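Data block below; observations after.
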Protein chains: 2
Amino acid sequence: MKTGFIGLGAMGIGMARNITAAGHLAGVYNRTLSKAQQLTDELQVAAYHQIEELAADVNLVLICVSADADVLAVVEKLAETVRPGTIVVDMSTVSSDTAKQAAALLAEKQVDFLDAPVSGGVEGAKNGTLAMMVGGDFEVLEKALPVLESMTRCIMYMGCTGSGQATKAVNQIMGAGINQAVTEALAFAQAQGLPMEKVIEVISGGASGNWFLQHRGSTMTRGSFAPGFKLVLHHKDLKICQSMAKKTDTATPLVDMTVADYERLMASGYGDEDISALYRLKR
Amino acid sequence: MKTGFIGLGAMGIGMARNITAAGHLAGVYNRTLSKAQQLTDELQVAAYHQIEELAADVNLVLICVSADADVLAVVEKLAETVRPGTIVVDMSTVSSDTAKQAAALLAEKQVDFLDAPVSGGVEGAKNGTLAMMVGGDFEVLEKALPVLESMTRCIMYMGCTGSGQATKAVNQIMGAGINQAVTEALAFAQAQGLPMEKVIEVISGGASGNWFLQHRGSTMTRGSFAPGFKLVLHHKDLKICQSMAKKTDTATPLVDMTVADYERLMASGYGDEDISALYRLKR
């Protein structure tokens with residue numbers, strides 16, 4: 001499919017490179033044009049000056065921007081010139097409601113929409129090893145699959161529109177809870193004067209073992225918090241989770257605690273550090 | 001070494017069988033004699049009627065009982081007849097202070113002590129695949145190693161007396177936090193109406209992945225809470241963690257939350273279920 005890509009942040013650039021390598025990318029749009037032009041020189045694809053221009057020229061649109069309002073602004077512009085039969089895939093992490101609004105807007109133009117947030121971070125985007133959680137029609141996903149597969153190691157179809165974002169929210173809630181678990185346990189270990197590398201090794205092998213302990217335990221206890229996954233971004237995601245949980249009246253005490261902790265850290269200037277900087281508050 | 005084993009609970013029985021298979025076990029003591037006699041018929045080792053009798057007859061004593069008071073009571077009786085040069089290894093999960101008290105009591109009799117709590121549960125005890133965290137003198141551990149290795153897959157030397165227990169406490173704190181993380185995230189997922197097996201699969205593969213999600217996620221969301229690790233026992237361990245944390249003035253909000261949650265569950269008669277029964281409070 002003739003593919004246009006919107007949003008060349010740290011994630012988007014890696015994705016766009018992988019789609020180009022698979023021979024699908026026609027052109028890109030980025031709010032800051034210079035960034036788009038840099039990439040188009042490298043990849044030899046078009047740099048569109050307007051979203052409307054991109055929309056008129058392709059039959060698959062991939063979006064990777066930051067927040068709910070950004071996604072809706074992009075979709076509104078797309079809707080002006082997009083051709084019927086086009087597929088729009090949003091890979092941003094936003095709320096299920098935003099996904100439903102975007103889908104409804106585009107349905108009026110006979111355009112299909114998938115919410116398809118990813119996990120795996122900047123490294124996953126670069127290496128084409130993202131995990132993608134998809135909501136929308138399965139038949140639409142099947143059509144977009146050759147392009148989506150060029151940047152993922154795993155694509156999981158979750159159900160109707162919004163269920164991709166809901167699954168991503170589950171992932172982010174789990175991440176918040178595990179960050180709290182690992183930082184609390186390791187701060188206790190340090191207060192006990194234990195040899196931290198041995199603690200991390202022996203616990204990793206058992207029923208309390210987890211990815212975050214294995215990959216961030218050692219750096220956090222040495223006071224190193226280079227991202228990784230930026231704290232401000234996880235904070236943004238958790239605010240989305242809070243609003244989703246409110247609607248189903250689901251309690252999320254760990255999320256609430258983490259949002260408050262992250263806000264303390266952001267106020268102290270640590271927002272651009274890895275989420276493991278939560279350890280700063282636990283020592 | 002001529003080994004005596006004290007405490008034939010669900011863990012102790014598995015351990016005693018593995019030590020016998022390796023040819024080290026001389027005899028056992030259990031508070032309820034009939035349980036000891038059952039096992040001695042099977043393993044063809046002695047059933048001691050008194051701890052003092054066992055102590056006088058062996059040069060390595062292994063202890064696997066329940067609580068701090070039990071360990072100290074056993075050690076006091078051992079001290080009456082134990083021979084100089086004997087090694088006493090306590091595999092119960094108790095506080096670092098109890099380990100230090102036991103070590104001091106036995107040192108007066110020229111007897112060495114190791115605190116060596118294990119993780120891996122009843123299955124690990126049965127299969128000889130426990131992980132053991134050891135505090136005390138390294139030279140003493142080296143002497144006891146052939147016996148200890150017959151029931152473990154991994155022995156980690158953590159440092160001076162009490163550091164085995166401190167490491168086990170870290171493990172139990174991590175387990176409490178992860179239980180909170182997984183139950184909160186999966187309750188959110190169920191409230192969102194997501195297909196749970198797919199949620200568990202896709203999240204397990206990423207940066208929020210963890211052992212507990214993979215091994216308990218599916219059963220808990222189906223309302224099945226067979227142990228596994230009994231909630232009352234984790235509650236007991238977390239009370240120890242709280243008292244240890246208090247002494248170093250370390251905050252443990254997840255532990256405090258989990259203790260309160262477990263107490264609600266225990267009051268409702270769920271104490272003998274697996275710790276994943278925490279999910280009952282999150283739905």
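By order of appearance in the structure tokens: chains A, B, ..., then residues from 1 within every chain, and ligands from 1 in the order shown.
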
Determine which residues of chain B sit within 8 Å of chain A, taking into account only C-alpha atoms, and present them as a ChimeraX atom specification. /B:119-120,131,133,156,158-159,163,166-167,170-178,180-182,184-189,191-192,194-195,198-199,202-203,206-212,245,248,250-252,254,282-283

If we count only C-alpha atoms, what is near A:Gly27 at a cut-off of 10 Å, once residues fewer than 3 positions away on the same chain are taken out, given as a PyMOL selection string? chain A and resi 2-6+16+20+24+36+39-40+43-48+54+57-58+61

Any chance you can output those residues with N, CA, C and O atoms as a PDB file, in the first residue's frame?
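Output (out.pdb):
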ATOM      1  N   LYS A   2       0.376   2.307  -0.617  1.00  0.00           N
ATOM      2  CA  LYS A   2       1.108   3.576  -0.670  1.00  0.00           C
ATOM      3  C   LYS A   2       0.926   4.285   0.669  1.00  0.00           C
ATOM      4  O   LYS A   2      -0.169   4.703   1.017  1.00  0.00           O
ATOM      5  N   THR A   3       2.006   4.380   1.397  1.00  0.00           N
ATOM      6  CA  THR A   3       1.915   4.748   2.814  1.00  0.00           C
ATOM      7  C   THR A   3       2.474   6.134   3.102  1.00  0.00           C
ATOM      8  O   THR A   3       3.578   6.478   2.661  1.00  0.00           O
ATOM      9  N   GLY A   4       1.712   6.931   3.869  1.00  0.00           N
ATOM     10  CA  GLY A   4       2.197   8.209   4.377  1.00  0.00           C
ATOM     11  C   GLY A   4       2.352   8.145   5.881  1.00  0.00           C
ATOM     12  O   GLY A   4       1.548   7.501   6.562  1.00  0.00           O
ATOM     13  N   PHE A   5       3.390   8.783   6.410  1.00  0.00           N
ATOM     14  CA  PHE A   5       3.686   8.702   7.843  1.00  0.00           C
ATOM     15  C   PHE A   5       3.656  10.095   8.460  1.00  0.00           C
ATOM     16  O   PHE A   5       4.328  11.001   7.983  1.00  0.00           O
ATOM     17  N   ILE A   6       2.907  10.247   9.543  1.00  0.00           N
ATOM     18  CA  ILE A   6       2.763  11.540  10.213  1.00  0.00           C
ATOM     19  C   ILE A   6       3.329  11.468  11.624  1.00  0.00           C
ATOM     20  O   ILE A   6       2.848  10.676  12.446  1.00  0.00           O
ATOM     21  N   ALA A  16       9.540   4.828  10.493  1.00  0.00           N
ATOM     22  CA  ALA A  16       9.563   5.252   9.087  1.00  0.00           C
ATOM     23  C   ALA A  16      10.723   4.592   8.343  1.00  0.00           C
ATOM     24  O   ALA A  16      10.584   4.174   7.187  1.00  0.00           O
ATOM     25  N   THR A  20      10.275   2.067   5.129  1.00  0.00           N
ATOM     26  CA  THR A  20      10.997   2.355   3.878  1.00  0.00           C
ATOM     27  C   THR A  20      11.816   1.150   3.433  1.00  0.00           C
ATOM     28  O   THR A  20      11.812   0.774   2.256  1.00  0.00           O
ATOM     29  N   HIS A  24       7.538   0.380   1.455  1.00  0.00           N
ATOM     30  CA  HIS A  24       6.154   0.853   1.477  1.00  0.00           C
ATOM     31  C   HIS A  24       6.000   2.369   1.567  1.00  0.00           C
ATOM     32  O   HIS A  24       4.925   2.875   1.313  1.00  0.00           O
ATOM     33  N   ALA A  36      11.350  16.612   8.817  1.00  0.00           N
ATOM     34  CA  ALA A  36      10.852  15.776   7.728  1.00  0.00           C
ATOM     35  C   ALA A  36      11.839  15.797   6.565  1.00  0.00           C
ATOM     36  O   ALA A  36      12.131  14.754   5.965  1.00  0.00           O
ATOM     37  N   LEU A  39      14.889  13.602   6.976  1.00  0.00           N
ATOM     38  CA  LEU A  39      14.610  12.188   6.776  1.00  0.00           C
ATOM     39  C   LEU A  39      14.355  11.862   5.300  1.00  0.00           C
ATOM     40  O   LEU A  39      14.771  10.808   4.810  1.00  0.00           O
ATOM     41  N   THR A  40      13.679  12.781   4.600  1.00  0.00           N
ATOM     42  CA  THR A  40      13.357  12.495   3.197  1.00  0.00           C
ATOM     43  C   THR A  40      14.621  12.499   2.339  1.00  0.00           C
ATOM     44  O   THR A  40      14.706  11.760   1.365  1.00  0.00           O
ATOM     45  N   LEU A  43      15.974   8.991   3.078  1.00  0.00           N
ATOM     46  CA  LEU A  43      15.172   7.853   2.614  1.00  0.00           C
ATOM     47  C   LEU A  43      14.685   8.001   1.178  1.00  0.00           C
ATOM     48  O   LEU A  43      14.128   7.053   0.616  1.00  0.00           O
ATOM     49  N   GLN A  44      14.868   9.206   0.634  1.00  0.00           N
ATOM     50  CA  GLN A  44      14.388   9.492  -0.723  1.00  0.00           C
ATOM     51  C   GLN A  44      12.891   9.243  -0.890  1.00  0.00           C
ATOM     52  O   GLN A  44      12.442   8.547  -1.804  1.00  0.00           O
ATOM     53  N   VAL A  45      12.124   9.835   0.034  1.00  0.00           N
ATOM     54  CA  VAL A  45      10.668   9.851  -0.083  1.00  0.00           C
ATOM     55  C   VAL A  45      10.219  11.312  -0.021  1.00  0.00           C
ATOM     56  O   VAL A  45      11.023  12.196   0.301  1.00  0.00           O
ATOM     57  N   ALA A  46       8.942  11.580  -0.326  1.00  0.00           N
ATOM     58  CA  ALA A  46       8.430  12.956  -0.336  1.00  0.00           C
ATOM     59  C   ALA A  46       8.292  13.517   1.077  1.00  0.00           C
ATOM     60  O   ALA A  46       8.040  12.779   2.028  1.00  0.00           O
ATOM     61  N   ALA A  47       8.502  14.837   1.220  1.00  0.00           N
ATOM     62  CA  ALA A  47       8.189  15.534   2.466  1.00  0.00           C
ATOM     63  C   ALA A  47       6.978  16.412   2.185  1.00  0.00           C
ATOM     64  O   ALA A  47       7.081  17.412   1.472  1.00  0.00           O
ATOM     65  N   TYR A  48       5.818  15.999   2.705  1.00  0.00           N
ATOM     66  CA  TYR A  48       4.610  16.798   2.470  1.00  0.00           C
ATOM     67  C   TYR A  48       4.614  18.028   3.373  1.00  0.00           C
ATOM     68  O   TYR A  48       5.015  17.951   4.544  1.00  0.00           O
ATOM     69  N   LEU A  54      -0.709  15.103   2.002  1.00  0.00           N
ATOM     70  CA  LEU A  54      -0.373  13.688   2.234  1.00  0.00           C
ATOM     71  C   LEU A  54      -1.630  12.827   2.087  1.00  0.00           C
ATOM     72  O   LEU A  54      -1.621  11.804   1.384  1.00  0.00           O
ATOM     73  N   ASP A  57      -2.783  11.782  -1.316  1.00  0.00           N
ATOM     74  CA  ASP A  57      -1.786  11.112  -2.147  1.00  0.00           C
ATOM     75  C   ASP A  57      -1.565   9.627  -1.811  1.00  0.00           C
ATOM     76  O   ASP A  57      -0.921   8.919  -2.588  1.00  0.00           O
ATOM     77  N   VAL A  58      -2.075   9.157  -0.663  1.00  0.00           N
ATOM     78  CA  VAL A  58      -1.758   7.785  -0.222  1.00  0.00           C
ATOM     79  C   VAL A  58      -3.040   6.994   0.066  1.00  0.00           C
ATOM     80  O   VAL A  58      -4.124   7.569   0.107  1.00  0.00           O
ATOM     81  N   VAL A  61      -2.460   5.697   5.934  1.00  0.00           N
ATOM     82  CA  VAL A  61      -1.863   6.779   6.722  1.00  0.00           C
ATOM     83  C   VAL A  61      -1.499   6.244   8.099  1.00  0.00           C
ATOM     84  O   VAL A  61      -2.349   5.672   8.798  1.00  0.00           O
TER      85      VAL A  61
END

Using only C-alpha atoms, determine which residues lie at most 12 Å from B:Leu114, disregarding the query and same-chain residues fewer than 4 positions distant; provide the list as an NGL selection string. :B and (60-63 or 86-92 or 96 or 98-104 or 106-107 or 132-145 or 148 or 157-165)

Taking the DSSP assignment computed from this structure's backbone, write out as a ChimeraX atom specification all residues of stretch 20-125 of chain B that belong to helix (DSSP H, G or I). /B:20-21,33-43,51-57,68-81,96-107,121-125

Taking N, CA and C atoms for each residue, export the selection above as a compact mmCIF listing (two decimals), in the first residue's frame.
# COMPACT_ATOMS: atom_id res chain seq x y z
N THR B 20 17.94 -37.00 51.88
CA THR B 20 18.05 -38.46 52.01
C THR B 20 18.55 -39.09 50.72
N ALA B 21 17.98 -38.63 49.61
CA ALA B 21 18.38 -39.17 48.31
C ALA B 21 19.88 -38.96 48.08
N LEU B 33 4.88 -35.89 66.50
CA LEU B 33 5.75 -37.05 66.30
C LEU B 33 5.28 -37.96 65.18
N SER B 34 3.95 -38.12 65.06
CA SER B 34 3.41 -39.08 64.08
C SER B 34 3.86 -38.73 62.66
N LYS B 35 3.98 -37.43 62.39
CA LYS B 35 4.41 -36.97 61.08
C LYS B 35 5.87 -37.38 60.82
N ALA B 36 6.68 -37.28 61.86
CA ALA B 36 8.09 -37.68 61.75
C ALA B 36 8.17 -39.19 61.51
N GLN B 37 7.34 -39.94 62.24
CA GLN B 37 7.40 -41.40 62.11
C GLN B 37 6.99 -41.88 60.73
N GLN B 38 5.96 -41.23 60.17
CA GLN B 38 5.56 -41.54 58.79
C GLN B 38 6.75 -41.44 57.85
N LEU B 39 7.46 -40.31 57.97
CA LEU B 39 8.56 -40.05 57.06
C LEU B 39 9.74 -40.99 57.32
N THR B 40 9.98 -41.31 58.59
CA THR B 40 11.13 -42.15 58.88
C THR B 40 10.90 -43.58 58.41
N ASP B 41 9.64 -44.01 58.41
CA ASP B 41 9.32 -45.32 57.83
C ASP B 41 9.68 -45.32 56.35
N GLU B 42 9.31 -44.25 55.67
CA GLU B 42 9.57 -44.14 54.23
C GLU B 42 11.06 -44.04 53.93
N LEU B 43 11.77 -43.20 54.69
CA LEU B 43 13.16 -42.88 54.35
C LEU B 43 14.17 -43.74 55.09
N ILE B 51 14.38 -32.61 70.61
CA ILE B 51 15.38 -31.83 69.88
C ILE B 51 16.77 -32.05 70.48
N GLU B 52 16.82 -32.14 71.86
CA GLU B 52 18.10 -32.31 72.53
C GLU B 52 18.78 -33.61 72.10
N GLU B 53 17.97 -34.63 71.86
CA GLU B 53 18.46 -35.94 71.41
C GLU B 53 19.08 -35.84 70.02
N LEU B 54 18.36 -35.18 69.12
CA LEU B 54 18.88 -34.94 67.76
C LEU B 54 20.19 -34.17 67.83
N ALA B 55 20.21 -33.09 68.62
CA ALA B 55 21.39 -32.22 68.69
C ALA B 55 22.64 -32.97 69.12
N ALA B 56 22.46 -33.93 70.01
CA ALA B 56 23.61 -34.67 70.54
C ALA B 56 24.16 -35.68 69.54
N ASP B 57 23.40 -35.95 68.50
CA ASP B 57 23.71 -37.08 67.62
C ASP B 57 24.27 -36.69 66.25
N ASP B 68 9.36 -16.62 64.01
CA ASP B 68 10.53 -16.20 64.79
C ASP B 68 10.61 -16.92 66.13
N ALA B 69 9.49 -16.98 66.85
CA ALA B 69 9.48 -17.61 68.18
C ALA B 69 9.82 -19.09 68.09
N ASP B 70 9.34 -19.76 67.02
CA ASP B 70 9.63 -21.18 66.83
C ASP B 70 11.13 -21.42 66.64
N VAL B 71 11.76 -20.57 65.82
CA VAL B 71 13.20 -20.72 65.57
C VAL B 71 13.97 -20.56 66.87
N LEU B 72 13.62 -19.54 67.65
CA LEU B 72 14.36 -19.30 68.90
C LEU B 72 14.13 -20.42 69.91
N ALA B 73 12.93 -20.95 69.96
CA ALA B 73 12.64 -22.07 70.87
C ALA B 73 13.46 -23.30 70.49
N VAL B 74 13.54 -23.58 69.19
CA VAL B 74 14.33 -24.72 68.72
C VAL B 74 15.81 -24.52 69.07
N VAL B 75 16.31 -23.32 68.79
CA VAL B 75 17.73 -23.05 69.02
C VAL B 75 18.07 -23.15 70.51
N GLU B 76 17.19 -22.70 71.38
CA GLU B 76 17.44 -22.80 72.82
C GLU B 76 17.56 -24.26 73.26
N LYS B 77 16.71 -25.11 72.71
CA LYS B 77 16.80 -26.54 73.04
C LYS B 77 18.06 -27.17 72.47
N LEU B 78 18.39 -26.80 71.23
CA LEU B 78 19.62 -27.29 70.61
C LEU B 78 20.83 -26.96 71.48
N ALA B 79 20.84 -25.72 71.99
CA ALA B 79 22.01 -25.23 72.72
C ALA B 79 22.32 -26.09 73.95
N GLU B 80 21.32 -26.81 74.44
CA GLU B 80 21.54 -27.60 75.65
C GLU B 80 22.46 -28.79 75.44
N THR B 81 22.39 -29.41 74.26
CA THR B 81 23.16 -30.65 74.07
C THR B 81 24.07 -30.64 72.83
N SER B 96 15.94 -10.74 60.39
CA SER B 96 17.41 -10.72 60.54
C SER B 96 17.79 -10.71 62.01
N ASP B 97 17.00 -10.04 62.84
CA ASP B 97 17.30 -9.99 64.27
C ASP B 97 17.21 -11.37 64.91
N THR B 98 16.23 -12.15 64.51
CA THR B 98 16.12 -13.52 65.03
C THR B 98 17.36 -14.33 64.64
N ALA B 99 17.80 -14.14 63.39
CA ALA B 99 19.02 -14.83 62.94
C ALA B 99 20.21 -14.44 63.81
N LYS B 100 20.31 -13.14 64.11
CA LYS B 100 21.44 -12.67 64.93
C LYS B 100 21.36 -13.23 66.35
N GLN B 101 20.16 -13.27 66.91
CA GLN B 101 19.98 -13.84 68.26
C GLN B 101 20.35 -15.32 68.29
N ALA B 102 19.90 -16.04 67.27
CA ALA B 102 20.19 -17.47 67.20
C ALA B 102 21.69 -17.69 67.08
N ALA B 103 22.34 -16.90 66.24
CA ALA B 103 23.78 -17.04 66.03
C ALA B 103 24.54 -16.77 67.33
N ALA B 104 24.10 -15.74 68.07
CA ALA B 104 24.79 -15.38 69.32
C ALA B 104 24.64 -16.48 70.36
N LEU B 105 23.44 -17.03 70.47
CA LEU B 105 23.17 -18.12 71.41
C LEU B 105 24.07 -19.33 71.14
N LEU B 106 24.19 -19.66 69.86
CA LEU B 106 24.95 -20.86 69.49
C LEU B 106 26.45 -20.62 69.55
N ALA B 107 26.86 -19.37 69.30
CA ALA B 107 28.30 -19.05 69.34
C ALA B 107 28.88 -19.36 70.72
N GLY B 121 9.03 -22.23 46.87
CA GLY B 121 7.78 -22.86 47.32
C GLY B 121 7.85 -24.36 47.47
N VAL B 122 6.68 -24.94 47.70
CA VAL B 122 6.56 -26.37 47.95
C VAL B 122 7.07 -27.17 46.75
N GLU B 123 6.79 -26.65 45.55
CA GLU B 123 7.27 -27.34 44.35
C GLU B 123 8.79 -27.37 44.29
N GLY B 124 9.40 -26.22 44.62
CA GLY B 124 10.87 -26.13 44.63
C GLY B 124 11.48 -27.06 45.66
N ALA B 125 10.81 -27.16 46.84
CA ALA B 125 11.29 -28.05 47.89
C ALA B 125 11.22 -29.50 47.44

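Atom CA of A:Gly223 is found 28.4 Å from atom CA of A:Ser66.
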
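Pairwise distance (atom CA of B:Ser95, atom CA of B:Lys109) equals 22.3 Å.
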
Out of stretch 7-219 of chain A, which residues get strand (DSSP E or B) from DSSP, as JSON, numbers by chain? {"A": [25, 26, 27, 28, 29, 46, 47, 60, 61, 62, 63, 87, 88, 89, 90, 112, 113, 114, 115, 118, 119, 130, 131, 132, 133, 134, 135, 152, 153, 154, 155, 156, 157, 158, 159, 210]}

Please produce a file of those selected residues containing N, CA, C and O atoms, as a CSV table (one decimal), in the first residue's frame.
chain,number,residue,atom,x,y,z
A,25,LEU,N,7.0,3.1,2.0
A,25,LEU,CA,6.8,4.5,2.4
A,25,LEU,C,6.8,5.4,1.1
A,25,LEU,O,7.8,5.5,0.4
A,26,ALA,N,5.7,6.2,1.0
A,26,ALA,CA,5.7,7.2,-0.1
A,26,ALA,C,6.2,8.6,0.4
A,26,ALA,O,6.9,9.3,-0.4
A,27,GLY,N,5.8,9.0,1.6
A,27,GLY,CA,6.2,10.3,2.1
A,27,GLY,C,5.9,10.5,3.5
A,27,GLY,O,5.1,9.7,4.1
A,28,VAL,N,6.4,11.6,4.1
A,28,VAL,CA,6.2,11.9,5.5
A,28,VAL,C,5.7,13.3,5.7
A,28,VAL,O,5.9,14.2,4.9
A,29,TYR,N,5.1,13.5,6.8
A,29,TYR,CA,4.7,14.9,7.3
A,29,TYR,C,5.2,15.0,8.7
A,29,TYR,O,5.0,14.1,9.5
A,46,ALA,N,8.9,11.6,-0.3
A,46,ALA,CA,8.4,13.0,-0.3
A,46,ALA,C,8.3,13.5,1.1
A,46,ALA,O,8.0,12.8,2.0
A,47,ALA,N,8.5,14.8,1.2
A,47,ALA,CA,8.2,15.5,2.5
A,47,ALA,C,7.0,16.4,2.2
A,47,ALA,O,7.1,17.4,1.5
A,60,LEU,N,-2.8,4.5,2.7
A,60,LEU,CA,-2.6,4.1,4.1
A,60,LEU,C,-1.9,5.2,4.8
A,60,LEU,O,-0.8,5.7,4.4
A,61,VAL,N,-2.5,5.7,5.9
A,61,VAL,CA,-1.9,6.8,6.7
A,61,VAL,C,-1.5,6.2,8.1
A,61,VAL,O,-2.3,5.7,8.8
A,62,LEU,N,-0.2,6.4,8.5
A,62,LEU,CA,0.2,6.0,9.8
A,62,LEU,C,0.5,7.3,10.6
A,62,LEU,O,1.1,8.2,10.2
A,63,ILE,N,-0.1,7.3,11.9
A,63,ILE,CA,0.1,8.4,12.7
A,63,ILE,C,0.9,8.0,14.0
A,63,ILE,O,0.6,7.0,14.6
A,87,ILE,N,-7.0,3.6,4.7
A,87,ILE,CA,-6.9,3.2,6.0
A,87,ILE,C,-6.0,4.1,6.8
A,87,ILE,O,-4.9,4.5,6.4
A,88,VAL,N,-6.5,4.5,8.0
A,88,VAL,CA,-5.7,5.3,8.9
A,88,VAL,C,-5.4,4.5,10.2
A,88,VAL,O,-6.3,4.0,10.8
A,89,VAL,N,-4.1,4.4,10.5
A,89,VAL,CA,-3.7,3.7,11.7
A,89,VAL,C,-3.0,4.6,12.7
A,89,VAL,O,-2.0,5.2,12.3
A,90,ASP,N,-3.6,4.7,13.9
A,90,ASP,CA,-2.9,5.6,14.9
A,90,ASP,C,-2.1,4.8,15.9
A,90,ASP,O,-2.7,4.0,16.6
A,112,ASP,N,-11.4,3.7,6.9
A,112,ASP,CA,-11.3,2.8,8.1
A,112,ASP,C,-10.2,3.3,9.0
A,112,ASP,O,-9.2,3.8,8.6
A,113,PHE,N,-10.4,3.0,10.3
A,113,PHE,CA,-9.4,3.5,11.3
A,113,PHE,C,-9.1,2.3,12.3
A,113,PHE,O,-9.9,1.5,12.6
A,114,LEU,N,-7.8,2.2,12.6
A,114,LEU,CA,-7.3,1.2,13.6
A,114,LEU,C,-6.6,2.0,14.7
A,114,LEU,O,-5.8,2.9,14.4
A,115,ASP,N,-6.9,1.7,16.0
A,115,ASP,CA,-6.0,2.2,17.0
A,115,ASP,C,-5.0,1.1,17.3
A,115,ASP,O,-5.3,-0.1,17.5
A,118,VAL,N,1.8,1.0,20.4
A,118,VAL,CA,2.9,0.0,20.5
A,118,VAL,C,3.6,0.0,21.8
A,118,VAL,O,3.6,1.0,22.5
A,119,SER,N,4.3,-1.0,22.1
A,119,SER,CA,5.3,-1.0,23.2
A,119,SER,C,6.6,-1.5,22.7
A,119,SER,O,6.7,-2.3,21.8
A,130,LEU,N,8.8,-3.8,17.8
A,130,LEU,CA,7.7,-3.4,18.6
A,130,LEU,C,6.6,-4.4,18.8
A,130,LEU,O,6.4,-5.3,17.9
A,131,ALA,N,5.9,-4.4,19.9
A,131,ALA,CA,4.6,-5.1,20.0
A,131,ALA,C,3.5,-4.1,19.8
A,131,ALA,O,3.5,-3.0,20.3
A,132,MET,N,2.5,-4.6,19.0
A,132,MET,CA,1.4,-3.7,18.6
A,132,MET,C,0.1,-4.3,19.1
A,132,MET,O,-0.2,-5.5,18.9
A,133,MET,N,-0.8,-3.4,19.7
A,133,MET,CA,-2.1,-3.9,20.2
A,133,MET,C,-3.1,-3.2,19.4
A,133,MET,O,-3.2,-1.9,19.4
A,134,VAL,N,-3.9,-3.9,18.6
A,134,VAL,CA,-4.8,-3.3,17.6
A,134,VAL,C,-6.3,-3.4,17.9
A,134,VAL,O,-6.8,-4.5,18.2
A,135,GLY,N,-7.0,-2.3,17.8
A,135,GLY,CA,-8.4,-2.3,17.9
A,135,GLY,C,-9.0,-1.8,16.6
A,135,GLY,O,-8.4,-1.0,15.9
A,152,THR,N,7.2,-4.4,13.4
A,152,THR,CA,6.8,-5.1,14.7
A,152,THR,C,7.4,-6.5,14.7
A,152,THR,O,7.7,-7.1,13.7
A,153,ARG,N,7.4,-7.0,16.0
A,153,ARG,CA,7.7,-8.5,16.1
A,153,ARG,C,6.5,-9.2,16.5
A,153,ARG,O,6.4,-10.4,16.4
A,154,CYS,N,5.4,-8.5,16.9
A,154,CYS,CA,4.2,-9.1,17.3
A,154,CYS,C,3.1,-8.1,17.2
A,154,CYS,O,3.1,-7.0,17.6
A,155,ILE,N,2.0,-8.6,16.5
A,155,ILE,CA,0.8,-7.8,16.4
A,155,ILE,C,-0.4,-8.6,17.0
A,155,ILE,O,-0.6,-9.7,16.6
A,156,MET,N,-1.0,-8.0,18.0
A,156,MET,CA,-2.1,-8.7,18.7
A,156,MET,C,-3.4,-8.0,18.4
A,156,MET,O,-3.6,-6.8,18.7
A,157,TYR,N,-4.4,-8.7,17.8
A,157,TYR,CA,-5.7,-8.1,17.6
A,157,TYR,C,-6.5,-8.2,18.8
A,157,TYR,O,-6.8,-9.3,19.3
A,158,MET,N,-7.0,-7.1,19.3
A,158,MET,CA,-7.7,-7.1,20.6
A,158,MET,C,-9.2,-7.0,20.6
A,158,MET,O,-9.9,-7.2,21.6
A,159,GLY,N,-9.7,-6.6,19.4
A,159,GLY,CA,-11.2,-6.4,19.3
A,159,GLY,C,-11.6,-5.1,18.7
A,159,GLY,O,-10.8,-4.5,17.9
A,210,ASN,N,11.2,-10.1,37.3
A,210,ASN,CA,10.5,-9.2,36.3
A,210,ASN,C,11.5,-8.5,35.4
A,210,ASN,O,12.6,-8.3,35.8

Can you pull out the residues contacting A:Ala260? Cut-off 12 Å, using only C-alpha atoms, and skip same-chain residues under 6 positions away; I want them as a PyMOL selection string. chain A and resi 176+235+238-239+242+253-254+266-267+278+281

Same residues, N, CA, C and O atoms, output as a compact mmCIF listing (two decimals), in the first residue's frame:
# COMPACT_ATOMS: atom_id res chain seq x y z
N ALA A 176 3.62 0.97 35.89
CA ALA A 176 3.65 1.86 37.07
C ALA A 176 3.76 1.03 38.34
O ALA A 176 4.58 1.31 39.22
N HIS A 235 3.98 9.54 32.64
CA HIS A 235 3.02 10.38 33.38
C HIS A 235 1.81 10.72 32.51
O HIS A 235 0.66 10.58 32.94
N LEU A 238 -0.35 7.68 32.14
CA LEU A 238 -1.07 7.32 33.37
C LEU A 238 -2.25 8.26 33.62
O LEU A 238 -3.27 7.84 34.20
N LYS A 239 -2.13 9.50 33.18
CA LYS A 239 -3.28 10.42 33.28
C LYS A 239 -4.43 9.89 32.41
O LYS A 239 -5.60 9.97 32.80
N GLN A 242 -6.00 7.01 34.26
CA GLN A 242 -6.86 7.49 35.34
C GLN A 242 -8.25 7.88 34.81
O GLN A 242 -9.26 7.53 35.41
N PRO A 253 -5.09 2.50 42.84
CA PRO A 253 -4.25 3.17 43.85
C PRO A 253 -2.78 3.30 43.45
O PRO A 253 -2.14 4.31 43.74
N LEU A 254 -2.23 2.27 42.76
CA LEU A 254 -0.82 2.35 42.38
C LEU A 254 -0.60 3.40 41.31
O LEU A 254 0.43 4.10 41.31
N MET A 266 8.94 15.60 38.44
CA MET A 266 8.91 16.57 37.34
C MET A 266 9.13 17.98 37.88
O MET A 266 9.86 18.78 37.28
N ALA A 267 8.54 18.26 39.03
CA ALA A 267 8.71 19.59 39.65
C ALA A 267 10.17 19.83 40.05
O ALA A 267 10.64 20.96 40.10
N LEU A 278 12.09 7.14 39.74
CA LEU A 278 11.21 7.00 40.91
C LEU A 278 12.02 6.59 42.14
O LEU A 278 11.66 6.90 43.28
N LEU A 281 12.94 8.93 45.05
CA LEU A 281 12.01 9.24 46.15
C LEU A 281 11.99 8.15 47.21
O LEU A 281 11.39 8.32 48.27
